[in-house]
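Visitor: This is entry_7.tsv (TSV, C-alpha atoms).
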chain	number	residue	atom	x	y	z
S	4	MET	CA	-67.94	-37.15	-121.08
S	5	SER	CA	-68.15	-37.04	-124.83
S	6	GLU	CA	-70.37	-39.47	-126.70
S	7	VAL	CA	-68.87	-38.42	-130.00
S	8	SER	CA	-65.59	-39.96	-131.09
S	9	GLY	CA	-63.89	-40.67	-134.35
S	10	THR	CA	-63.63	-44.28	-133.23
S	11	ALA	CA	-66.56	-46.68	-133.68
S	12	PRO	CA	-67.40	-48.98	-130.76
S	13	ASP	CA	-65.65	-52.36	-130.85
S	14	VAL	CA	-68.43	-54.09	-128.93
S	15	VAL	CA	-72.12	-53.17	-129.05
S	16	ASP	CA	-75.00	-54.43	-126.86
S	17	TYR	CA	-73.01	-56.72	-124.60
S	18	ASN	CA	-75.53	-58.89	-122.71
S	19	ILE	CA	-75.76	-60.18	-119.13
S	20	GLY	CA	-74.07	-63.49	-120.03
S	21	LYS	CA	-70.95	-61.64	-121.15
S	22	ILE	CA	-71.08	-59.41	-118.06
S	23	LEU	CA	-71.09	-62.51	-115.84
S	24	GLN	CA	-68.03	-63.85	-117.72
S	25	ALA	CA	-66.13	-60.59	-117.26
S	26	LEU	CA	-67.02	-59.78	-113.63
S	27	PRO	CA	-66.91	-61.92	-110.47
S	28	HIS	CA	-69.81	-59.93	-108.95
S	29	ARG	CA	-73.17	-61.64	-108.43
S	30	TYR	CA	-76.52	-60.69	-106.92
S	31	PRO	CA	-77.02	-58.61	-104.87
S	32	LEU	CA	-73.83	-56.70	-105.73
S	33	LEU	CA	-73.80	-56.99	-109.52
S	34	LEU	CA	-74.63	-53.42	-110.58
S	35	VAL	CA	-74.27	-53.57	-114.38
S	36	ASP	CA	-77.21	-54.98	-116.34
S	37	ARG	CA	-76.17	-54.25	-119.92
S	38	VAL	CA	-73.31	-52.75	-121.86
S	39	ARG	CA	-74.44	-50.59	-124.75
S	40	SER	CA	-70.98	-50.09	-126.26
S	41	ILE	CA	-67.27	-50.51	-125.63
S	42	THR	CA	-64.44	-48.87	-127.50
S	43	LEU	CA	-61.56	-51.08	-126.39
S	44	GLY	CA	-58.77	-49.22	-124.64
S	45	GLU	CA	-60.90	-46.07	-124.45
S	46	ARG	CA	-64.45	-46.06	-123.06
S	47	ILE	CA	-67.59	-47.95	-122.12
S	48	HIS	CA	-71.29	-47.10	-121.88
S	49	ALA	CA	-73.13	-49.48	-119.54
S	50	VAL	CA	-76.57	-49.38	-117.91
S	51	LYS	CA	-77.94	-50.24	-114.46
S	52	ALA	CA	-81.73	-50.69	-114.31
S	53	VAL	CA	-82.63	-49.40	-110.85
S	54	THR	CA	-85.68	-51.19	-109.41
S	55	MET	CA	-87.55	-51.06	-106.12
S	56	ASN	CA	-86.47	-54.69	-105.58
S	57	GLU	CA	-82.88	-53.61	-104.79
S	58	GLN	CA	-81.96	-54.67	-101.25
S	59	PHE	CA	-80.51	-51.28	-100.32
S	60	PHE	CA	-83.90	-49.56	-100.78
S	61	GLN	CA	-85.19	-51.38	-97.67
S	62	GLY	CA	-83.10	-49.06	-95.53
S	63	HIS	CA	-82.06	-46.17	-97.81
S	64	PHE	CA	-84.55	-44.59	-97.18
S	65	PRO	CA	-87.92	-46.17	-96.32
S	66	GLY	CA	-90.62	-43.94	-97.79
S	67	ALA	CA	-88.09	-41.99	-99.91
S	68	PRO	CA	-85.88	-44.55	-101.71
S	69	ILE	CA	-82.57	-43.19	-103.07
S	70	MET	CA	-79.69	-45.25	-104.50
S	71	PRO	CA	-76.63	-44.66	-102.28
S	72	GLY	CA	-73.91	-42.63	-103.97
S	73	VAL	CA	-71.26	-45.19	-103.08
S	74	LEU	CA	-73.22	-47.79	-105.07
S	75	GLN	CA	-73.26	-45.46	-108.06
S	76	ILE	CA	-69.46	-45.34	-107.78
S	77	GLU	CA	-69.38	-49.14	-107.49
S	78	ALA	CA	-71.52	-49.45	-110.64
S	79	LEU	CA	-69.08	-47.16	-112.48
S	80	ALA	CA	-66.17	-49.25	-111.18
S	81	GLN	CA	-67.81	-52.46	-112.40
S	82	ALA	CA	-68.26	-50.88	-115.84
S	83	ALA	CA	-64.56	-49.94	-115.74
S	84	GLY	CA	-63.76	-53.53	-114.79
S	85	ILE	CA	-65.55	-54.77	-117.90
S	86	LEU	CA	-63.69	-52.21	-120.01
S	87	GLY	CA	-60.33	-53.33	-118.59
S	88	ILE	CA	-61.06	-57.06	-118.86
S	89	GLU	CA	-62.30	-56.75	-122.44
S	90	THR	CA	-59.47	-54.43	-123.50
S	91	MET	CA	-56.91	-56.95	-122.20
S	92	GLU	CA	-58.90	-59.95	-123.50
S	93	LEU	CA	-59.08	-61.52	-120.02
S	94	ALA	CA	-62.80	-62.45	-119.77
S	95	GLY	CA	-63.20	-65.81	-118.09
S	96	THR	CA	-59.65	-65.85	-116.64
S	97	GLY	CA	-60.66	-64.97	-113.10
S	98	LYS	CA	-58.60	-61.77	-113.09
S	99	LEU	CA	-59.98	-59.08	-110.80
S	100	VAL	CA	-60.04	-55.31	-111.17
S	101	ILE	CA	-59.90	-53.81	-107.67
S	102	PHE	CA	-60.13	-50.24	-106.32
S	103	MET	CA	-56.95	-48.50	-105.24
S	104	GLY	CA	-58.28	-44.96	-104.87
S	105	ILE	CA	-61.32	-42.75	-105.35
S	106	GLU	CA	-60.95	-39.02	-106.00
S	107	ASN	CA	-63.15	-36.02	-106.70
S	108	ALA	CA	-66.43	-37.84	-106.14
S	109	LYS	CA	-69.42	-35.58	-106.54
S	110	PHE	CA	-73.09	-36.43	-106.25
S	111	ARG	CA	-75.35	-34.18	-108.30
S	112	ALA	CA	-78.87	-35.67	-108.25
S	113	PRO	CA	-80.74	-38.56	-106.60
S	114	VAL	CA	-81.28	-41.90	-108.32
S	115	THR	CA	-84.64	-43.48	-107.55
S	116	PRO	CA	-86.44	-46.73	-108.44
S	117	GLY	CA	-87.52	-46.91	-112.07
S	118	CYS	CA	-84.46	-45.09	-113.41
S	119	LEU	CA	-82.08	-46.34	-116.06
S	120	LEU	CA	-78.68	-45.29	-114.75
S	121	ASP	CA	-76.27	-44.66	-117.63
S	122	LEU	CA	-72.66	-45.42	-116.73
S	123	HIS	CA	-69.99	-43.73	-118.86
S	124	VAL	CA	-66.38	-44.57	-118.02
S	125	GLU	CA	-63.18	-43.78	-119.86
S	126	PHE	CA	-59.52	-44.57	-119.33
S	127	THR	CA	-57.47	-41.52	-118.36
S	128	GLN	CA	-54.18	-43.33	-117.73
S	129	LYS	CA	-52.81	-46.87	-118.24
S	130	ARG	CA	-49.63	-48.22	-116.65
S	131	SER	CA	-48.82	-51.91	-116.53
S	132	ARG	CA	-51.51	-53.27	-114.16
S	133	VAL	CA	-52.67	-49.91	-112.73
S	134	TYR	CA	-55.32	-47.82	-114.48
S	135	LYS	CA	-57.02	-44.47	-113.89
S	136	PHE	CA	-60.58	-43.82	-114.98
S	137	LYS	CA	-63.11	-41.03	-115.10
S	138	GLY	CA	-66.73	-42.00	-114.62
S	139	VAL	CA	-70.03	-40.19	-114.97
S	140	ALA	CA	-73.40	-41.67	-114.02
S	141	SER	CA	-76.55	-40.05	-115.35
S	142	VAL	CA	-80.31	-40.47	-115.68
S	143	GLU	CA	-81.96	-39.14	-118.85
S	144	GLY	CA	-78.89	-37.01	-119.57
S	145	LYS	CA	-78.73	-35.44	-116.08
S	146	THR	CA	-75.50	-36.19	-114.19
S	147	THR	CA	-76.10	-37.93	-110.87
S	148	CYS	CA	-72.51	-38.78	-109.95
S	149	GLU	CA	-69.01	-38.12	-111.24
S	150	VAL	CA	-65.76	-39.58	-109.97
S	151	GLU	CA	-62.14	-40.32	-110.81
S	152	PHE	CA	-60.69	-43.58	-109.57
S	153	THR	CA	-57.66	-45.82	-109.74
S	154	ALA	CA	-57.86	-49.60	-110.05
S	155	MET	CA	-55.45	-52.49	-110.40
S	156	MET	CA	-55.66	-55.74	-112.37
S	157	THR	CA	-54.77	-58.69	-110.14
S	158	ASP	CA	-55.18	-62.40	-109.57
S	159	PRO	CA	-57.85	-63.48	-107.09
S	160	PRO	CA	-56.70	-64.18	-103.51
S	161	ALA	CA	-55.34	-67.71	-102.97
Write the structure described by the file as structure tokens, please.

Guide:
Amino acid sequence: MSEVSGTAPDVVDYNIGKILQALPHRYPLLLVDRVRSITLGERIHAVKAVTMNEQFFQGHFPGAPIMPGVLQIEALAQAAGILGIETMELAGTGKLVIFMGIENAKFRAPVTPGCLLDLHVEFTQKRSRVYKFKGVASVEGKTTCEVEFTAMMTDPPA
């Protein structure tokens, strides 16, 4: 995923307060701690600070803690949710971005406590309320997970 673009980021250093306005997720399932930059309608760079205090490390795996790959995908999806909500100017409306499909998921390296997990997501296709994304998670420039996924913008259940 390219960091270089002719387009400057629209939003830089988006803090936890803004993340909580954009996403319905809360502890222990909120997996985005900071957004470094967003280029609306294009891409996002977010960060998850992985700590030993994460609940999943109690069982995955005791003595050899590794962040589950599916949670890396969830973190990428949450970053995509922020990108979609901000692009459509829907923060605070209660709109949800939900998974419809996950394709070509690959796990390349383990993520352990103490890592800063970089989350890079970009739009690959936009149609009405359905969007396709490509996401790459990495630690210190080394890819840990890559995935393509489809999501839909929707109202919360009644």

Visitor: Provide the CA of Phe64 (chain S) to CA of Ala83 (chain S) distance in Å, to one decimal place.

Guide: 27.8 Å

Visitor: So that I can check the surroundings of region 122-124 of chain S, please list as a VMD selection string every protein, DNA and RNA residue that reaches within 12 Å of it, counting only C-alpha atoms and ignoring chain neighbours fewer than 4 positions away.

Guide: chain S and resid 4 to 6 34 to 52 74 to 87 135 to 152

Visitor: What is the distance between CA of Gly62 (chain S) and CA of Arg29 (chain S), in Å to one decimal?

Guide: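 A separation of 20.6 Å between them.
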
Visitor: Suppose you want the space between CA of Cys118 (chain S) and CA of His28 (chain S); what is it in Å?

Guide: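 We find that CA of Cys118 (chain S) and CA of His28 (chain S) lie 21.3 Å from each other.
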
Visitor: Restricting the calculation to only C-alpha atoms, which member of S:Gly66, S:Pro12, S:Gly72, S:Gly97 is positioned closest to Leu26 (chain S)?

Guide: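 Looking at the shortest contact to Leu26 (chain S), the residue is S:Gly97.
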
Visitor: Just checking: using only C-alpha atoms, which residue out of S:Pro116, S:Thr127, S:Ala94, S:Met103 ends up closest to Lys21 (chain S)?

Guide: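 Using only C-alpha atoms, the shortest distance to Lys21 (chain S) belongs to S:Ala94.
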